[in-house]
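With compact mmCIF, C-alpha atoms inside, this is target.txt:
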```
# COMPACT_ATOMS: atom_id res chain seq x y z
CA MET A 1 -17.06 -85.68 -13.61
CA CYS A 2 -17.32 -89.33 -14.69
CA ALA A 3 -15.73 -90.86 -11.63
CA GLY A 4 -18.67 -93.18 -10.93
CA VAL A 5 -22.13 -94.24 -11.98
CA ILE A 6 -23.80 -91.12 -10.59
CA ASP A 7 -21.31 -88.85 -12.36
CA LYS A 8 -21.88 -90.70 -15.64
CA ILE A 9 -25.63 -90.25 -15.20
CA VAL A 10 -25.18 -86.50 -14.68
CA VAL A 11 -23.07 -86.22 -17.82
CA PHE A 12 -25.64 -88.20 -19.79
CA LEU A 13 -28.48 -85.99 -18.55
CA ILE A 14 -26.62 -82.77 -19.35
CA ALA A 15 -25.69 -84.02 -22.78
CA THR A 16 -29.14 -85.26 -23.74
CA ALA A 17 -30.74 -82.10 -22.40
CA GLY A 18 -28.96 -80.30 -25.17
CA THR A 19 -30.15 -82.64 -27.87
CA CYS A 20 -33.67 -83.91 -27.02
CA TRP A 21 -35.62 -80.75 -27.68
CA ALA A 22 -38.65 -82.43 -29.21
CA GLY A 23 -41.44 -84.14 -27.27
CA GLY A 24 -40.78 -87.49 -25.66
CA CYS A 25 -41.68 -90.62 -27.58
CA THR A 26 -42.14 -94.13 -26.25
CA GLY A 27 -40.64 -97.45 -27.25
CA GLY A 28 -38.09 -100.06 -26.30
CA VAL A 29 -34.35 -99.81 -25.82
CA ALA A 30 -31.77 -99.77 -28.60
CA ALA A 31 -32.29 -102.38 -31.31
CA GLN A 32 -30.08 -103.57 -34.14
CA ALA A 33 -29.41 -101.01 -36.85
CA GLY A 34 -30.80 -101.44 -40.34
CA GLN A 35 -28.92 -101.01 -43.60
CA ASP A 36 -26.23 -98.34 -43.67
CA ALA A 37 -27.46 -94.99 -44.91
CA LYS A 38 -25.81 -93.20 -47.78
CA PRO A 39 -23.17 -90.81 -46.40
CA ASP A 40 -24.86 -87.77 -47.96
CA ALA A 41 -28.21 -88.69 -46.33
CA VAL A 42 -26.66 -88.90 -42.87
CA ASP A 43 -24.76 -85.66 -43.49
CA ALA A 44 -27.99 -83.88 -44.46
CA ILE A 45 -29.72 -85.06 -41.28
CA LEU A 46 -26.83 -83.94 -39.07
CA GLN A 47 -26.63 -80.59 -40.86
CA ARG A 48 -30.32 -79.86 -40.20
CA LEU A 49 -29.83 -80.79 -36.55
CA ASN A 50 -26.90 -78.40 -36.21
CA GLU A 51 -28.89 -75.56 -37.75
CA ASN A 52 -31.85 -76.06 -35.42
CA THR A 53 -29.87 -76.47 -32.20
CA ARG A 54 -27.98 -73.24 -32.87
CA ALA A 55 -31.32 -71.40 -32.78
CA LEU A 56 -32.22 -72.65 -29.29
CA ASN A 57 -32.10 -70.19 -26.38
CA SER A 58 -34.22 -71.87 -23.71
CA TYR A 59 -35.97 -75.12 -22.97
CA GLN A 60 -38.16 -76.55 -20.21
CA CYS A 61 -40.10 -79.80 -19.87
CA ARG A 62 -41.12 -82.75 -17.74
CA LEU A 63 -38.41 -85.36 -17.57
CA GLU A 64 -38.40 -89.15 -17.40
CA TYR A 65 -35.08 -90.91 -16.97
CA LEU A 66 -34.77 -94.70 -17.04
CA PHE A 67 -31.56 -96.44 -15.97
CA SER A 68 -31.47 -100.21 -16.56
CA GLN A 69 -28.98 -102.90 -15.61
CA PRO A 70 -30.08 -106.07 -17.46
CA LEU A 71 -27.30 -108.17 -15.94
CA PHE A 72 -28.83 -107.57 -12.50
CA GLU A 73 -32.43 -107.49 -13.77
CA SER A 74 -32.77 -104.07 -12.19
CA GLN A 75 -34.05 -100.68 -13.31
CA SER A 76 -34.95 -97.32 -11.83
CA LEU A 77 -37.27 -94.68 -13.24
CA ARG A 78 -36.93 -91.08 -12.14
CA LYS A 79 -39.35 -88.30 -13.01
CA GLY A 80 -38.95 -84.57 -12.65
CA LEU A 81 -38.45 -81.24 -14.39
CA LEU A 82 -35.71 -79.74 -16.55
CA TYR A 83 -34.85 -76.12 -17.35
CA TYR A 84 -32.15 -74.75 -19.68
CA GLN A 85 -31.21 -71.17 -20.54
CA ARG A 86 -28.43 -70.15 -22.94
CA GLN A 87 -26.52 -66.92 -22.28
CA GLN A 88 -23.86 -66.01 -24.84
CA GLN A 89 -20.92 -68.39 -24.23
CA SER A 90 -22.36 -69.91 -21.06
CA SER A 91 -25.61 -71.53 -19.98
CA LYS A 92 -27.71 -72.43 -16.98
CA LEU A 93 -29.24 -75.82 -16.40
CA ARG A 94 -31.46 -77.20 -13.65
CA ILE A 95 -32.72 -80.76 -13.22
CA ASP A 96 -35.19 -81.42 -10.40
CA PHE A 97 -35.95 -85.08 -9.77
CA GLN A 98 -39.15 -85.54 -7.78
CA THR A 99 -39.99 -89.26 -7.75
CA LEU A 100 -38.28 -92.65 -7.99
CA LYS A 101 -39.64 -96.08 -8.94
CA GLN A 102 -37.22 -98.95 -8.32
CA ASP A 103 -37.98 -102.21 -10.15
CA ASP A 104 -41.52 -103.35 -9.20
CA GLU A 105 -41.73 -101.21 -6.09
CA ARG A 106 -44.25 -98.38 -5.76
CA GLN A 107 -43.26 -94.92 -6.93
CA GLN A 108 -42.00 -92.80 -4.05
CA LYS A 109 -41.10 -89.21 -3.37
CA TYR A 110 -37.41 -88.72 -4.10
CA ILE A 111 -36.07 -85.16 -4.36
CA GLU A 112 -32.67 -84.58 -5.92
CA GLN A 113 -31.52 -81.42 -7.68
CA TYR A 114 -28.69 -80.54 -10.08
CA ILE A 115 -28.07 -76.86 -10.85
CA PHE A 116 -25.34 -75.60 -13.20
CA ASP A 117 -24.68 -71.84 -13.48
CA GLY A 118 -21.83 -71.84 -15.98
CA ILE A 119 -19.17 -72.25 -13.30
CA TRP A 120 -20.51 -74.45 -10.49
CA LEU A 121 -22.53 -77.65 -10.58
CA THR A 122 -24.54 -77.93 -7.35
CA HIS A 123 -26.02 -81.25 -6.28
CA ILE A 124 -28.65 -81.18 -3.51
CA ASP A 125 -29.66 -84.58 -2.14
CA TYR A 126 -32.74 -84.42 0.09
CA GLN A 127 -32.46 -88.09 1.10
CA ILE A 128 -29.14 -87.70 2.92
CA ARG A 129 -29.54 -83.93 3.44
CA GLU A 130 -26.24 -83.10 1.76
CA VAL A 131 -25.03 -80.51 -0.76
CA LYS A 132 -22.04 -80.78 -3.08
CA LYS A 133 -20.66 -77.91 -5.19
CA GLN A 134 -18.23 -78.84 -7.95
CA GLN A 135 -16.42 -76.13 -9.92
CA LEU A 136 -16.34 -76.90 -13.64
CA ALA A 137 -15.01 -73.64 -15.10
CA GLU A 138 -12.98 -70.56 -14.25
CA PRO A 139 -15.01 -67.60 -12.88
CA ASN A 140 -13.89 -65.38 -15.78
CA GLU A 141 -14.50 -68.12 -18.34
CA PRO A 142 -18.01 -69.56 -17.74
CA ALA A 143 -18.82 -72.59 -19.85
CA ASP A 144 -21.80 -73.98 -21.68
CA ALA A 145 -23.12 -77.16 -20.07
CA PHE A 146 -23.02 -79.04 -23.34
CA ASP A 147 -19.45 -78.06 -24.18
CA LEU A 148 -18.41 -79.67 -20.91
CA ALA A 149 -20.56 -82.74 -21.43
CA ALA A 150 -19.24 -83.19 -24.98
CA GLU A 151 -15.90 -84.21 -23.50
CA HIS A 152 -17.59 -87.42 -22.29
CA PHE A 153 -20.63 -87.89 -24.53
CA PRO A 154 -21.26 -87.18 -28.26
CA ILE A 155 -23.85 -84.42 -28.50
CA ILE A 156 -25.57 -84.91 -31.82
CA GLY A 157 -26.79 -81.58 -33.11
CA PHE A 158 -23.86 -79.80 -31.44
CA THR A 159 -21.01 -82.10 -32.49
CA GLN A 160 -19.92 -81.69 -36.11
CA ALA A 161 -20.61 -84.58 -38.49
CA GLY A 162 -16.93 -85.05 -39.28
CA ASP A 163 -16.09 -85.45 -35.60
CA LEU A 164 -18.92 -87.94 -35.07
CA LYS A 165 -17.73 -90.10 -37.97
CA LYS A 166 -14.29 -90.38 -36.43
CA ASP A 167 -15.81 -92.16 -33.43
CA PHE A 168 -18.91 -93.89 -34.83
CA ASP A 169 -20.27 -95.87 -37.74
CA ILE A 170 -23.57 -94.06 -38.36
CA SER A 171 -26.57 -95.70 -40.02
CA LEU A 172 -30.30 -95.20 -40.46
CA VAL A 173 -32.67 -97.69 -38.84
CA GLU A 174 -35.77 -98.82 -40.67
CA GLN A 175 -39.10 -97.89 -39.08
CA GLN A 176 -40.22 -100.41 -36.46
CA GLN A 177 -43.92 -101.28 -36.21
CA ALA A 178 -43.91 -100.72 -32.45
CA GLU A 179 -42.57 -97.19 -32.85
CA PRO A 180 -44.59 -94.07 -33.71
CA ASN A 181 -44.44 -92.58 -37.18
CA GLY A 182 -42.76 -89.30 -37.94
CA PHE A 183 -39.32 -90.14 -36.53
CA ILE A 184 -35.92 -90.77 -38.07
CA ARG A 185 -33.69 -93.10 -36.10
CA LEU A 186 -29.91 -92.89 -36.24
CA HIS A 187 -27.80 -95.72 -34.84
CA LEU A 188 -24.26 -94.85 -33.78
CA LYS A 189 -21.98 -97.85 -33.34
CA VAL A 190 -18.79 -97.05 -31.43
CA ARG A 191 -15.66 -97.61 -33.52
CA PRO A 192 -12.77 -99.67 -32.07
CA ASP A 193 -10.51 -96.59 -31.94
CA SER A 194 -13.20 -94.21 -30.66
CA VAL A 195 -12.56 -91.97 -27.65
CA TYR A 196 -15.84 -93.41 -26.28
CA LYS A 197 -14.83 -97.08 -26.67
CA ASP A 198 -14.37 -97.56 -22.92
CA ASP A 199 -17.76 -96.03 -22.06
CA TYR A 200 -20.35 -96.99 -24.70
CA THR A 201 -20.99 -99.64 -27.35
CA SER A 202 -23.84 -97.87 -29.16
CA ILE A 203 -26.13 -94.84 -29.02
CA ASP A 204 -29.51 -94.41 -30.74
CA PHE A 205 -31.17 -91.08 -31.55
CA TRP A 206 -34.86 -90.67 -32.49
CA ILE A 207 -35.31 -87.47 -34.53
CA ASP A 208 -38.62 -85.71 -35.10
CA ARG A 209 -39.07 -85.40 -38.89
CA LYS A 210 -41.16 -82.23 -38.62
CA LEU A 211 -39.00 -80.36 -36.14
CA ASN A 212 -35.66 -81.82 -37.25
CA LEU A 213 -34.72 -82.17 -33.59
CA PRO A 214 -33.99 -85.31 -31.52
CA ALA A 215 -36.87 -86.77 -29.54
CA ARG A 216 -35.16 -89.47 -27.48
CA ILE A 217 -31.73 -90.92 -26.84
CA THR A 218 -30.79 -94.40 -25.65
CA ALA A 219 -27.18 -95.29 -24.86
CA VAL A 220 -25.75 -98.73 -24.06
CA SER A 221 -22.59 -98.77 -21.95
CA THR A 222 -19.68 -101.21 -22.10
CA GLU A 223 -21.08 -102.71 -18.86
CA GLN A 224 -24.38 -103.30 -20.75
CA ASP A 225 -26.15 -100.66 -18.67
CA ILE A 226 -28.82 -98.76 -20.59
CA TYR A 227 -29.44 -95.02 -20.23
CA GLN A 228 -32.71 -93.69 -21.67
CA ILE A 229 -34.18 -90.23 -21.33
CA MET A 230 -37.48 -88.77 -22.56
CA PHE A 231 -38.65 -85.17 -22.59
CA ILE A 232 -42.37 -84.54 -22.15
CA GLU A 233 -44.45 -81.43 -22.94
CA PRO A 234 -41.46 -79.32 -24.05
CA LYS A 235 -41.51 -75.53 -24.19
CA VAL A 236 -38.87 -74.15 -26.55
CA ASN A 237 -37.53 -70.57 -26.48
CA GLN A 238 -40.04 -69.40 -23.88
CA LYS A 239 -39.06 -67.12 -21.01
CA ILE A 240 -37.87 -68.79 -17.82
CA ASP A 241 -37.91 -66.95 -14.49
CA LYS A 242 -34.29 -66.35 -13.39
CA LYS A 243 -35.23 -67.48 -9.88
CA VAL A 244 -35.51 -71.02 -11.25
CA PHE A 245 -31.71 -71.22 -11.38
CA GLU A 246 -31.09 -69.89 -7.87
CA VAL A 247 -29.46 -72.32 -5.45
CA LYS A 248 -31.32 -72.58 -2.14
CA VAL A 249 -29.88 -74.91 0.49
CA PRO A 250 -32.70 -76.17 2.77
CA ALA A 251 -32.47 -75.41 6.48
CA GLY A 252 -30.83 -78.14 8.54
CA PHE A 253 -28.65 -79.46 5.73
CA ALA A 254 -24.91 -79.94 6.25
CA ALA A 255 -22.55 -77.24 4.97
CA PRO A 256 -21.85 -77.74 1.24
CA GLU A 257 -18.89 -79.87 0.24
CA ILE A 258 -16.75 -77.78 -2.11
CA VAL A 259 -14.84 -79.46 -4.95
CA PRO A 260 -12.50 -76.94 -6.66
CA LEU A 261 -11.69 -76.94 -10.36
CA LYS A 262 -9.04 -79.43 -11.40
CA LYS A 263 -6.17 -77.67 -13.08
CA LYS A 264 -5.24 -79.01 -16.48
CA ALA A 265 -1.69 -80.22 -16.85
CA LYS A 266 0.45 -77.95 -19.00
```
What does the file become when written as structure tokens?
Amino acid sequence: MCAGVIDKIVVFLIATAGTCWAGGCTGGVAAQAGQDAKPDAVDAILQRLNENTRALNSYQCRLEYLFSQPLFESQSLRKGLLYYQRQQQSSKLRIDFQTLKQDDERQQKYIEQYIFDGIWLTHIDYQIREVKKQQLAEPNEPADAFDLAAEHFPIIGFTQAGDLKKDFDISLVEQQQAEPNGFIRLHLKVRPDSVYKDDYTSIDFWIDRKLNLPARITAVSTEQDIYQIMFIEPKVNQKIDKKVFEVKVPAGFAAPEIVPLKKKAK
């Protein structure tokens, strides 16, 4: 699922969809962390996050996703919609990108859809009129989107504090003047022996003090690429029409490319 840049983006989006349940906030990319927080303070924050995320059953919002490559002085901003529905041990997730703004160019229509039903991840690309279906779980063992994403990205609020500390040095960041009030910022620095050491150098989480839920995530990769996602006008635990998660292949598109589930080595 992380074979290339696009796959890494999908994993990042799925992961952050499970953690950024508060409204989107604005600000710059990851900055240097402040003084290390006391271990018990960080533990208390993570515990509250775990308690709140366990109570989530559905989520929908407007989505803004910024991917930057400073080495090439390039960035792309995508806007769209996101829907999530939890069902027992599985979940459904849909991300509909609608526009794209590349560097200083004008924003343009750009439709791209990702739909996960617990077993299959379907990618519909309207630009090249192609559909790809990738199996991510056994039919009799549907998976939660965030359990799958956690294999490649730390999902704060879902990942236990003890597991996070094995891979990251976690600290609190002092309030920056340019940032809005009412947010706690955690800086996660990747440890040398971390399972994420080949993918990321640091990850920052902005947490809403009132809701005790993350508001934004920014991750810096080992290639110095920056992934930032913001969730706007969120609706938490409100009913979502089941038709939202139906896969509809537009007329005239090529037959879907099917990628079967990779069997794990015994």
- Point-to-point distance in Å for CA of Tyr227 (chain A) and CA of Lys239 (chain A):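 About the pair CA of Lys239 (chain A) and CA of Tyr227 (chain A): they are 29.5 Å apart.
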- Item | Among listed residues A:Asn57, A:Gln224, A:Asn140, A:Thr218, nearest Asp199 (chain A) (using all atoms listed in the file) |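 The closest residue to Asp199 (chain A) is A:Gln224.
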- Message: Need to verify the contact set: Leu100 (chain A), 6 Å, all atoms listed in the file, exclusion of same-chain residues closer than 5 positions in sequence. Can you return it as a PyMOL selection string?
- Response: chain A and resi 77-78+107-108+110
- Message: So that I can see what lies close to Ser74 (chain A), please list as a list in words the residues with an atom at most 10 Å from it, counting only C-alpha atoms and leaving out residues fewer than 3 positions away in the same chain.
- Response: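 That gives Phe67, Ser68, Gln69, Pro70, Leu71, Gln102, Asp103, Asp104 and Asp225 of chain A.
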- Could you check how far CA of Gly252 (chain A) sits from CA of Arg129 (chain A), in Å to one decimal?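 Interatomic distance here is 7.8 Å.
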- Item | Distance in Å - CA of Gln113 (chain A) versus CA of Arg94 (chain A) |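 Going from CA of Gln113 (chain A) over to CA of Arg94 (chain A) covers 7.3 Å.
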Residue list as an mmCIF file with C-alpha atoms, in the frame of the given file for point (-36.3, -88.5, -14.1), cut-off 7 Å, all atoms listed in the file:
```
data_model
loop_
_atom_site.group_PDB
_atom_site.id
_atom_site.type_symbol
_atom_site.label_atom_id
_atom_site.label_comp_id
_atom_site.auth_asym_id
_atom_site.auth_seq_id
_atom_site.Cartn_x
_atom_site.Cartn_y
_atom_site.Cartn_z
ATOM 1 C CA LEU A 63 -38.410 -85.360 -17.570
ATOM 2 C CA GLU A 64 -38.400 -89.150 -17.400
ATOM 3 C CA TYR A 65 -35.080 -90.910 -16.970
ATOM 4 C CA LEU A 77 -37.270 -94.680 -13.240
ATOM 5 C CA ARG A 78 -36.930 -91.080 -12.140
ATOM 6 C CA LYS A 79 -39.350 -88.300 -13.010
ATOM 7 C CA GLY A 80 -38.950 -84.570 -12.650
ATOM 8 C CA PHE A 97 -35.950 -85.080 -9.770
#
```
- Message: My list of candidates is A:Val131, A:Leu186, A:Leu81, A:Leu66. Which is closest to Leu46 (chain A) when distances are computed with only C-alpha atoms?
- Response: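 The closest residue to Leu46 (chain A) is A:Leu186.
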Any idea what's packed within 9 Å of Leu136 (chain A), counting all atoms listed in the file, ignoring anything in its chain fewer than 4 positions away? Could you give it as a PDB file with C-alpha atoms, in the frame of the given file?
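Output contents, as saved in around_39.pdb:
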```
ATOM      1  CA  MET A   1     -17.060 -85.680 -13.610  1.00  0.00           C
ATOM      2  CA  GLY A 118     -21.830 -71.840 -15.980  1.00  0.00           C
ATOM      3  CA  ILE A 119     -19.170 -72.250 -13.300  1.00  0.00           C
ATOM      4  CA  TRP A 120     -20.510 -74.450 -10.490  1.00  0.00           C
ATOM      5  CA  LEU A 121     -22.530 -77.650 -10.580  1.00  0.00           C
ATOM      6  CA  PRO A 142     -18.010 -69.560 -17.740  1.00  0.00           C
ATOM      7  CA  ALA A 143     -18.820 -72.590 -19.850  1.00  0.00           C
ATOM      8  CA  LEU A 148     -18.410 -79.670 -20.910  1.00  0.00           C
ATOM      9  CA  PRO A 260     -12.500 -76.940  -6.660  1.00  0.00           C
ATOM     10  CA  LEU A 261     -11.690 -76.940 -10.360  1.00  0.00           C
ATOM     11  CA  LYS A 262      -9.040 -79.430 -11.400  1.00  0.00           C
TER      12      LYS A 262
END
```
- Which one is closest to Ala215 (chain A): A:Pro256, A:Pro234, A:Pro139, A:Pro250? Count only C-alpha atoms.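 Among the listed residues, the smallest separation from Ala215 (chain A) belongs to A:Pro234.
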- Task: Compare A:Ile111, A:Lys197, A:Arg209, A:Asp125 by their minimum atom-to-atom distance to Glu223 (chain A), counting only C-alpha atoms, and give me the closest one.
- Result: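 Using only C-alpha atoms, Glu223 (chain A) sits closest to A:Lys197.
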- Item | Top pick for closest residue to Asn237 (chain A), considering A:Gln85, A:Asn50, A:Gln75, A:Thr122 and counting only C-alpha atoms |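 The answer is A:Gln85, which sits nearest to Asn237 (chain A).
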- Selected residue of minimal separation from Ser194 (chain A) among A:Phe116, A:Tyr59, A:Phe253, A:Phe168, counting all atoms listed in the file: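 Of all the options, A:Phe168 lies closest to Ser194 (chain A).
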